[in-house]
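Here is the file query-v2.json (JSON, N, CA and C atoms).
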[["chain", "number", "residue", "atom", "x", "y", "z"],
["A", 1, "MET", "N", 9.93, 21.39, -32.04],
["A", 1, "MET", "CA", 8.94, 21.09, -31.03],
["A", 1, "MET", "C", 7.58, 20.80, -31.67],
["A", 2, "ALA", "N", 7.30, 21.41, -32.79],
["A", 2, "ALA", "CA", 6.02, 21.22, -33.45],
["A", 2, "ALA", "C", 5.82, 19.77, -33.88],
["A", 3, "ASP", "N", 6.90, 19.03, -34.00],
["A", 3, "ASP", "CA", 6.78, 17.63, -34.42],
["A", 3, "ASP", "C", 6.53, 16.69, -33.25],
["A", 4, "SER", "N", 6.64, 17.16, -32.03],
["A", 4, "SER", "CA", 6.49, 16.26, -30.89],
["A", 4, "SER", "C", 5.04, 15.79, -30.77],
["A", 5, "GLY", "N", 4.88, 14.56, -30.33],
["A", 5, "GLY", "CA", 3.55, 13.99, -30.19],
["A", 5, "GLY", "C", 2.69, 14.73, -29.17],
["A", 6, "LEU", "N", 3.30, 15.20, -28.10],
["A", 6, "LEU", "CA", 2.57, 15.92, -27.06],
["A", 6, "LEU", "C", 2.00, 17.22, -27.61],
["A", 7, "TYR", "N", 2.77, 17.95, -28.40],
["A", 7, "TYR", "CA", 2.30, 19.21, -28.98],
["A", 7, "TYR", "C", 1.13, 18.97, -29.93],
["A", 8, "ARG", "N", 1.25, 17.96, -30.77],
["A", 8, "ARG", "CA", 0.17, 17.64, -31.71],
["A", 8, "ARG", "C", -1.09, 17.23, -30.95],
["A", 9, "ARG", "N", -0.93, 16.48, -29.85],
["A", 9, "ARG", "CA", -2.09, 16.07, -29.06],
["A", 9, "ARG", "C", -2.79, 17.28, -28.46],
["A", 10, "CYS", "N", -2.02, 18.25, -27.96],
["A", 10, "CYS", "CA", -2.62, 19.47, -27.37],
["A", 10, "CYS", "C", -3.44, 20.23, -28.41],
["A", 11, "LEU", "N", -2.94, 20.29, -29.62],
["A", 11, "LEU", "CA", -3.66, 21.02, -30.66],
["A", 11, "LEU", "C", -4.98, 20.36, -31.02],
["A", 12, "THR", "N", -5.13, 19.08, -30.73],
["A", 12, "THR", "CA", -6.39, 18.40, -31.04],
["A", 12, "THR", "C", -7.43, 18.60, -29.94],
["A", 13, "LEU", "N", -7.00, 19.10, -28.78],
["A", 13, "LEU", "CA", -7.92, 19.32, -27.68],
["A", 13, "LEU", "C", -8.75, 20.58, -27.93],
["A", 14, "LEU", "N", -9.87, 20.69, -27.23],
["A", 14, "LEU", "CA", -10.73, 21.88, -27.34],
["A", 14, "LEU", "C", -10.04, 23.08, -26.72],
["A", 15, "LYS", "N", -10.31, 24.26, -27.27],
["A", 15, "LYS", "CA", -9.69, 25.49, -26.79],
["A", 15, "LYS", "C", -10.73, 26.32, -26.03],
["A", 16, "CYS", "N", -10.39, 26.74, -24.82],
["A", 16, "CYS", "CA", -11.28, 27.57, -24.01],
["A", 16, "CYS", "C", -11.46, 28.93, -24.67],
["A", 17, "THR", "N", -12.69, 29.43, -24.68],
["A", 17, "THR", "CA", -12.96, 30.73, -25.29],
["A", 17, "THR", "C", -12.45, 31.90, -24.44],
["A", 18, "ASP", "N", -12.19, 31.66, -23.15],
["A", 18, "ASP", "CA", -11.71, 32.74, -22.28],
["A", 18, "ASP", "C", -10.19, 32.75, -22.14],
["A", 19, "CYS", "N", -9.62, 31.67, -21.63],
["A", 19, "CYS", "CA", -8.18, 31.64, -21.36],
["A", 19, "CYS", "C", -7.38, 31.10, -22.54],
["A", 20, "GLU", "N", -8.05, 30.51, -23.52],
["A", 20, "GLU", "CA", -7.44, 29.97, -24.73],
["A", 20, "GLU", "C", -6.50, 28.79, -24.47],
["A", 21, "ARG", "N", -6.65, 28.15, -23.32],
["A", 21, "ARG", "CA", -5.88, 26.92, -23.07],
["A", 21, "ARG", "C", -6.56, 25.77, -23.79],
["A", 22, "HIS", "N", -5.78, 24.79, -24.14],
["A", 22, "HIS", "CA", -6.30, 23.57, -24.75],
["A", 22, "HIS", "C", -6.52, 22.57, -23.63],
["A", 23, "VAL", "N", -7.77, 22.14, -23.45],
["A", 23, "VAL", "CA", -8.10, 21.20, -22.38],
["A", 23, "VAL", "C", -9.00, 20.10, -22.93],
["A", 24, "THR", "N", -9.12, 19.02, -22.17],
["A", 24, "THR", "CA", -9.95, 17.90, -22.61],
["A", 24, "THR", "C", -11.42, 18.30, -22.59],
["A", 25, "GLY", "N", -12.21, 17.61, -23.38],
["A", 25, "GLY", "CA", -13.62, 17.92, -23.53],
["A", 25, "GLY", "C", -14.42, 17.85, -22.25],
["A", 26, "ASN", "N", -14.03, 16.98, -21.31],
["A", 26, "ASN", "CA", -14.79, 16.87, -20.07],
["A", 26, "ASN", "C", -14.50, 18.02, -19.10],
["A", 27, "ALA", "N", -13.57, 18.91, -19.45],
["A", 27, "ALA", "CA", -13.25, 20.06, -18.60],
["A", 27, "ALA", "C", -13.96, 21.33, -19.07],
["A", 28, "PHE", "N", -14.96, 21.17, -19.94],
["A", 28, "PHE", "CA", -15.66, 22.31, -20.50],
["A", 28, "PHE", "C", -17.06, 22.44, -19.96],
["A", 29, "ASP", "N", -17.49, 23.69, -19.85],
["A", 29, "ASP", "CA", -18.88, 24.00, -19.60],
["A", 29, "ASP", "C", -19.50, 24.10, -20.99],
["A", 30, "THR", "N", -20.40, 23.21, -21.32],
["A", 30, "THR", "CA", -20.92, 23.15, -22.68],
["A", 30, "THR", "C", -21.77, 24.36, -23.05],
["A", 31, "VAL", "N", -22.29, 25.08, -22.08],
["A", 31, "VAL", "CA", -23.13, 26.24, -22.37],
["A", 31, "VAL", "C", -22.29, 27.45, -22.80],
["A", 32, "THR", "N", -21.25, 27.77, -22.05],
["A", 32, "THR", "CA", -20.47, 28.98, -22.32],
["A", 32, "THR", "C", -19.31, 28.76, -23.27],
["A", 33, "GLY", "N", -18.83, 27.54, -23.40],
["A", 33, "GLY", "CA", -17.65, 27.28, -24.22],
["A", 33, "GLY", "C", -16.36, 27.55, -23.47],
["A", 34, "ALA", "N", -16.47, 27.95, -22.22],
["A", 34, "ALA", "CA", -15.30, 28.20, -21.38],
["A", 34, "ALA", "C", -14.97, 26.94, -20.59],
["A", 35, "CYS", "N", -13.71, 26.80, -20.22],
["A", 35, "CYS", "CA", -13.33, 25.65, -19.40],
["A", 35, "CYS", "C", -13.92, 25.81, -17.99],
["A", 36, "GLU", "N", -13.92, 24.74, -17.23],
["A", 36, "GLU", "CA", -14.51, 24.77, -15.89],
["A", 36, "GLU", "C", -13.82, 25.78, -14.99],
["A", 37, "VAL", "N", -12.51, 25.94, -15.13],
["A", 37, "VAL", "CA", -11.77, 26.88, -14.29],
["A", 37, "VAL", "C", -12.24, 28.31, -14.56],
["A", 38, "CYS", "N", -12.34, 28.68, -15.83],
["A", 38, "CYS", "CA", -12.81, 30.04, -16.18],
["A", 38, "CYS", "C", -14.26, 30.23, -15.77],
["A", 39, "ASP", "N", -15.06, 29.18, -15.93],
["A", 39, "ASP", "CA", -16.47, 29.27, -15.53],
["A", 39, "ASP", "C", -16.60, 29.51, -14.03],
["A", 40, "ARG", "N", -15.81, 28.80, -13.22],
["A", 40, "ARG", "CA", -15.84, 29.00, -11.76],
["A", 40, "ARG", "C", -15.37, 30.40, -11.40],
["A", 41, "LYS", "N", -14.32, 30.89, -12.07],
["A", 41, "LYS", "CA", -13.84, 32.25, -11.80],
["A", 41, "LYS", "C", -14.93, 33.27, -12.09],
["A", 42, "GLN", "N", -15.62, 33.11, -13.21],
["A", 42, "GLN", "CA", -16.67, 34.05, -13.59],
["A", 42, "GLN", "C", -17.81, 34.03, -12.58],
["A", 43, "ARG", "N", -18.20, 32.84, -12.13],
["A", 43, "ARG", "CA", -19.29, 32.76, -11.13],
["A", 43, "ARG", "C", -18.86, 33.38, -9.82],
["A", 44, "LYS", "N", -17.59, 33.23, -9.45],
["A", 44, "LYS", "CA", -17.09, 33.82, -8.21],
["A", 44, "LYS", "C", -17.12, 35.35, -8.31],
["A", 45, "ILE", "N", -16.75, 35.90, -9.46],
["A", 45, "ILE", "CA", -16.79, 37.34, -9.67],
["A", 45, "ILE", "C", -18.22, 37.84, -9.59],
["A", 46, "GLN", "N", -19.15, 37.12, -10.19],
["A", 46, "GLN", "CA", -20.55, 37.55, -10.19],
["A", 46, "GLN", "C", -21.12, 37.57, -8.79],
["A", 47, "ARG", "N", -20.67, 36.68, -7.90],
["A", 47, "ARG", "CA", -21.17, 36.68, -6.52],
["A", 47, "ARG", "C", -20.69, 37.90, -5.76],
["A", 48, "LYS", "N", -19.58, 38.50, -6.17],
["A", 48, "LYS", "CA", -19.02, 39.64, -5.45],
["A", 48, "LYS", "C", -19.62, 40.98, -5.88],
["A", 49, "ILE", "N", -20.39, 41.00, -6.93],
["A", 49, "ILE", "CA", -20.96, 42.25, -7.42],
["A", 49, "ILE", "C", -21.99, 42.78, -6.42],
["A", 50, "ARG", "N", -21.88, 44.04, -6.10],
["A", 50, "ARG", "CA", -22.82, 44.69, -5.19],
["A", 50, "ARG", "C", -23.61, 45.74, -5.99],
["A", 51, "TYR", "N", -24.85, 45.93, -5.63],
["A", 51, "TYR", "CA", -25.69, 46.91, -6.31],
["A", 51, "TYR", "C", -26.13, 47.97, -5.32],
["A", 52, "ALA", "N", -26.25, 49.19, -5.78],
["A", 52, "ALA", "CA", -26.72, 50.29, -4.96],
["A", 52, "ALA", "C", -27.98, 50.86, -5.60],
["A", 53, "ASP", "N", -28.58, 51.84, -4.95],
["A", 53, "ASP", "CA", -29.79, 52.48, -5.45],
["A", 53, "ASP", "C", -29.56, 52.98, -6.86],
["A", 54, "ASP", "N", -30.31, 52.47, -7.82],
["A", 54, "ASP", "CA", -30.16, 52.84, -9.23],
["A", 54, "ASP", "C", -28.72, 52.67, -9.72],
["A", 55, "ASN", "N", -28.00, 51.72, -9.13],
["A", 55, "ASN", "CA", -26.60, 51.46, -9.48],
["A", 55, "ASN", "C", -25.72, 52.70, -9.32],
["A", 56, "VAL", "N", -26.07, 53.59, -8.39],
["A", 56, "VAL", "CA", -25.29, 54.78, -8.12],
["A", 56, "VAL", "C", -24.55, 54.58, -6.81],
["A", 57, "ILE", "N", -23.26, 54.78, -6.86],
["A", 57, "ILE", "CA", -22.44, 54.64, -5.66],
["A", 57, "ILE", "C", -21.68, 55.95, -5.47],
["A", 58, "THR", "N", -21.66, 56.44, -4.26],
["A", 58, "THR", "CA", -20.93, 57.66, -3.95],
["A", 58, "THR", "C", -19.89, 57.34, -2.90],
["A", 59, "GLU", "N", -18.69, 57.81, -3.13],
["A", 59, "GLU", "CA", -17.62, 57.61, -2.16],
["A", 59, "GLU", "C", -17.32, 58.94, -1.50],
["A", 60, "ILE", "N", -17.38, 58.96, -0.19],
["A", 60, "ILE", "CA", -17.13, 60.17, 0.58],
["A", 60, "ILE", "C", -16.01, 59.89, 1.57],
["A", 61, "ASP", "N", -15.09, 60.80, 1.69],
["A", 61, "ASP", "CA", -14.02, 60.68, 2.68],
["A", 61, "ASP", "C", -14.48, 61.32, 3.98],
["A", 62, "VAL", "N", -14.41, 60.56, 5.06],
["A", 62, "VAL", "CA", -14.71, 61.08, 6.39],
["A", 62, "VAL", "C", -13.37, 61.11, 7.12],
["A", 63, "PRO", "N", -12.93, 62.30, 7.51],
["A", 63, "PRO", "CA", -11.61, 62.42, 8.13],
["A", 63, "PRO", "C", -11.48, 61.63, 9.43],
["A", 64, "THR", "N", -10.30, 61.14, 9.67],
["A", 64, "THR", "CA", -10.01, 60.42, 10.92],
["A", 64, "THR", "C", -9.10, 61.30, 11.78],
["A", 65, "ASP", "N", -8.97, 60.92, 13.04],
["A", 65, "ASP", "CA", -8.00, 61.58, 13.90],
["A", 65, "ASP", "C", -7.33, 60.55, 14.80],
["A", 66, "ASP", "N", -6.44, 60.99, 15.64],
["A", 66, "ASP", "CA", -5.65, 60.08, 16.47],
["A", 66, "ASP", "C", -6.48, 59.29, 17.47],
["A", 67, "SER", "N", -7.68, 59.77, 17.79],
["A", 67, "SER", "CA", -8.51, 59.06, 18.76],
["A", 67, "SER", "C", -9.26, 57.88, 18.14],
["A", 68, "ASP", "N", -9.21, 57.76, 16.82],
["A", 68, "ASP", "CA", -9.91, 56.67, 16.12],
["A", 68, "ASP", "C", -9.07, 55.39, 16.14],
["A", 69, "VAL", "N", -9.00, 54.78, 17.31],
["A", 69, "VAL", "CA", -8.17, 53.58, 17.44],
["A", 69, "VAL", "C", -8.95, 52.31, 17.11],
["A", 70, "THR", "N", -10.27, 52.40, 17.00],
["A", 70, "THR", "CA", -11.11, 51.27, 16.60],
["A", 70, "THR", "C", -12.18, 51.77, 15.64],
["A", 71, "TYR", "N", -12.77, 50.84, 14.90],
["A", 71, "TYR", "CA", -13.88, 51.21, 14.02],
["A", 71, "TYR", "C", -15.03, 51.79, 14.82],
["A", 72, "GLU", "N", -15.29, 51.18, 15.95],
["A", 72, "GLU", "CA", -16.40, 51.64, 16.79],
["A", 72, "GLU", "C", -16.19, 53.08, 17.23],
["A", 73, "ARG", "N", -14.96, 53.41, 17.61],
["A", 73, "ARG", "CA", -14.64, 54.78, 18.05],
["A", 73, "ARG", "C", -14.80, 55.76, 16.89],
["A", 74, "PHE", "N", -14.31, 55.38, 15.71],
["A", 74, "PHE", "CA", -14.43, 56.23, 14.53],
["A", 74, "PHE", "C", -15.90, 56.49, 14.21],
["A", 75, "ILE", "N", -16.71, 55.44, 14.20],
["A", 75, "ILE", "CA", -18.14, 55.59, 13.87],
["A", 75, "ILE", "C", -18.85, 56.42, 14.92],
["A", 76, "ALA", "N", -18.54, 56.18, 16.19],
["A", 76, "ALA", "CA", -19.19, 56.96, 17.25],
["A", 76, "ALA", "C", -18.83, 58.45, 17.12],
["A", 77, "ARG", "N", -17.58, 58.74, 16.84],
["A", 77, "ARG", "CA", -17.14, 60.13, 16.72],
["A", 77, "ARG", "C", -17.70, 60.78, 15.46],
["A", 78, "SER", "N", -17.82, 60.01, 14.39],
["A", 78, "SER", "CA", -18.24, 60.55, 13.09],
["A", 78, "SER", "C", -19.72, 60.36, 12.81],
["A", 79, "ARG", "N", -20.47, 59.84, 13.76],
["A", 79, "ARG", "CA", -21.87, 59.47, 13.56],
["A", 79, "ARG", "C", -22.70, 60.60, 12.95],
["A", 80, "LEU", "N", -22.63, 61.77, 13.53],
["A", 80, "LEU", "CA", -23.44, 62.89, 13.04],
["A", 80, "LEU", "C", -23.02, 63.31, 11.64],
["A", 81, "ASP", "N", -21.72, 63.33, 11.36],
["A", 81, "ASP", "CA", -21.25, 63.68, 10.02],
["A", 81, "ASP", "C", -21.73, 62.67, 8.99],
["A", 82, "ILE", "N", -21.66, 61.39, 9.32],
["A", 82, "ILE", "CA", -22.10, 60.33, 8.41],
["A", 82, "ILE", "C", -23.60, 60.44, 8.14],
["A", 83, "LEU", "N", -24.38, 60.64, 9.20],
["A", 83, "LEU", "CA", -25.83, 60.78, 9.02],
["A", 83, "LEU", "C", -26.18, 62.01, 8.18],
["A", 84, "LYS", "N", -25.44, 63.11, 8.38],
["A", 84, "LYS", "CA", -25.67, 64.32, 7.59],
["A", 84, "LYS", "C", -25.38, 64.06, 6.11],
["A", 85, "ILE", "N", -24.29, 63.39, 5.81],
["A", 85, "ILE", "CA", -23.93, 63.07, 4.43],
["A", 85, "ILE", "C", -25.00, 62.19, 3.78],
["A", 86, "ILE", "N", -25.45, 61.18, 4.51],
["A", 86, "ILE", "CA", -26.49, 60.29, 3.98],
["A", 86, "ILE", "C", -27.77, 61.07, 3.72],
["A", 87, "ASP", "N", -28.17, 61.91, 4.67],
["A", 87, "ASP", "CA", -29.39, 62.69, 4.51],
["A", 87, "ASP", "C", -29.30, 63.64, 3.31],
["A", 88, "GLU", "N", -28.16, 64.30, 3.13],
["A", 88, "GLU", "CA", -27.98, 65.21, 1.99],
["A", 88, "GLU", "C", -28.12, 64.46, 0.66],
["A", 89, "HIS", "N", -27.56, 63.25, 0.58],
["A", 89, "HIS", "CA", -27.64, 62.48, -0.66],
["A", 89, "HIS", "C", -29.05, 61.93, -0.90],
["A", 90, "VAL", "N", -29.73, 61.57, 0.16],
["A", 90, "VAL", "CA", -31.12, 61.11, 0.01],
["A", 90, "VAL", "C", -32.00, 62.26, -0.47],
["A", 91, "GLN", "N", -31.82, 63.45, 0.11],
["A", 91, "GLN", "CA", -32.61, 64.61, -0.30],
["A", 91, "GLN", "C", -32.32, 64.99, -1.76],
["A", 92, "ALA", "N", -31.07, 64.86, -2.16],
["A", 92, "ALA", "CA", -30.71, 65.21, -3.53],
["A", 92, "ALA", "C", -31.30, 64.23, -4.55],
["A", 93, "ARG", "N", -31.56, 62.99, -4.14],
["A", 93, "ARG", "CA", -32.10, 61.96, -5.04],
["A", 93, "ARG", "C", -33.62, 62.05, -5.17],
["A", 94, "LYS", "N", -34.26, 62.84, -4.30],
["A", 94, "LYS", "CA", -35.73, 62.92, -4.35],
["A", 94, "LYS", "C", -36.19, 63.80, -5.47]]
Rewrite the structure from the file as structure tokens, please.
Amino acid sequence: MADSGLYRRCLTLLKCTDCERHVTGNAFDTVTGACEVCDRKQRKIQRKIRYADDNVITEIDVPTDDSDVTYERFIARSRLDILKIIDEHVQARK
């Protein structure tokens, strides 16, 4: 297979620094050295990043019960517990 013309042609193409595929020069982002596909994936990931206060995120479990048939019902039932948790964490950060 190494002797085939197609294989030799692929080896002459530029190699992406991320996925390591061999692609034509016009499929590259000249700044990063990554192909356009990897560059788009990276930008999509960066758009999904969320930031919190001082990059601190806390996950708290709020118990559910059988009456929580909608998000609105759950939030209404758990409102005071959620506010108490938020207040405790705000006070602890001061």
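Near Asp18 of chain A, within a cut-off of 6.5 Å and counting all atoms listed in the file, sit the residues Gly33, Ala34 and Cys35 of chain A, with same-chain residues fewer than 4 positions away left out.
Interatomic distance, atom CA of Lys84 of chain A against atom CA of Asp66 of chain A: 22.3 Å.
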Might you pull out every residue within 7 Å of Leu14 of chain A, with all atoms listed in the file counted and same-chain residues fewer than 2 positions away left off, and present them as a compact mmCIF listing (two decimals) with N, CA and C atoms, in the frame of the given file?
# COMPACT_ATOMS: atom_id res chain seq x y z
N CYS A 10 -2.02 18.25 -27.96
CA CYS A 10 -2.62 19.47 -27.37
C CYS A 10 -3.44 20.23 -28.41
N LEU A 11 -2.94 20.29 -29.62
CA LEU A 11 -3.66 21.02 -30.66
C LEU A 11 -4.98 20.36 -31.02
N THR A 12 -5.13 19.08 -30.73
CA THR A 12 -6.39 18.40 -31.04
C THR A 12 -7.43 18.60 -29.94
N CYS A 16 -10.39 26.74 -24.82
CA CYS A 16 -11.28 27.57 -24.01
C CYS A 16 -11.46 28.93 -24.67
N ARG A 21 -6.65 28.15 -23.32
CA ARG A 21 -5.88 26.92 -23.07
C ARG A 21 -6.56 25.77 -23.79
N HIS A 22 -5.78 24.79 -24.14
CA HIS A 22 -6.30 23.57 -24.75
C HIS A 22 -6.52 22.57 -23.63
N VAL A 23 -7.77 22.14 -23.45
CA VAL A 23 -8.10 21.20 -22.38
C VAL A 23 -9.00 20.10 -22.93
N THR A 24 -9.12 19.02 -22.17
CA THR A 24 -9.95 17.90 -22.61
C THR A 24 -11.42 18.30 -22.59
N GLY A 25 -12.21 17.61 -23.38
CA GLY A 25 -13.62 17.92 -23.53
C GLY A 25 -14.42 17.85 -22.25
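With atom CA of Cys19 of chain A on one side and atom CA of Cys38 of chain A on the other, the separation reads 7.1 Å.
Rounded to one decimal, atom CA of Thr17 of chain A and atom CA of Arg43 of chain A lie 15.6 Å from each other.
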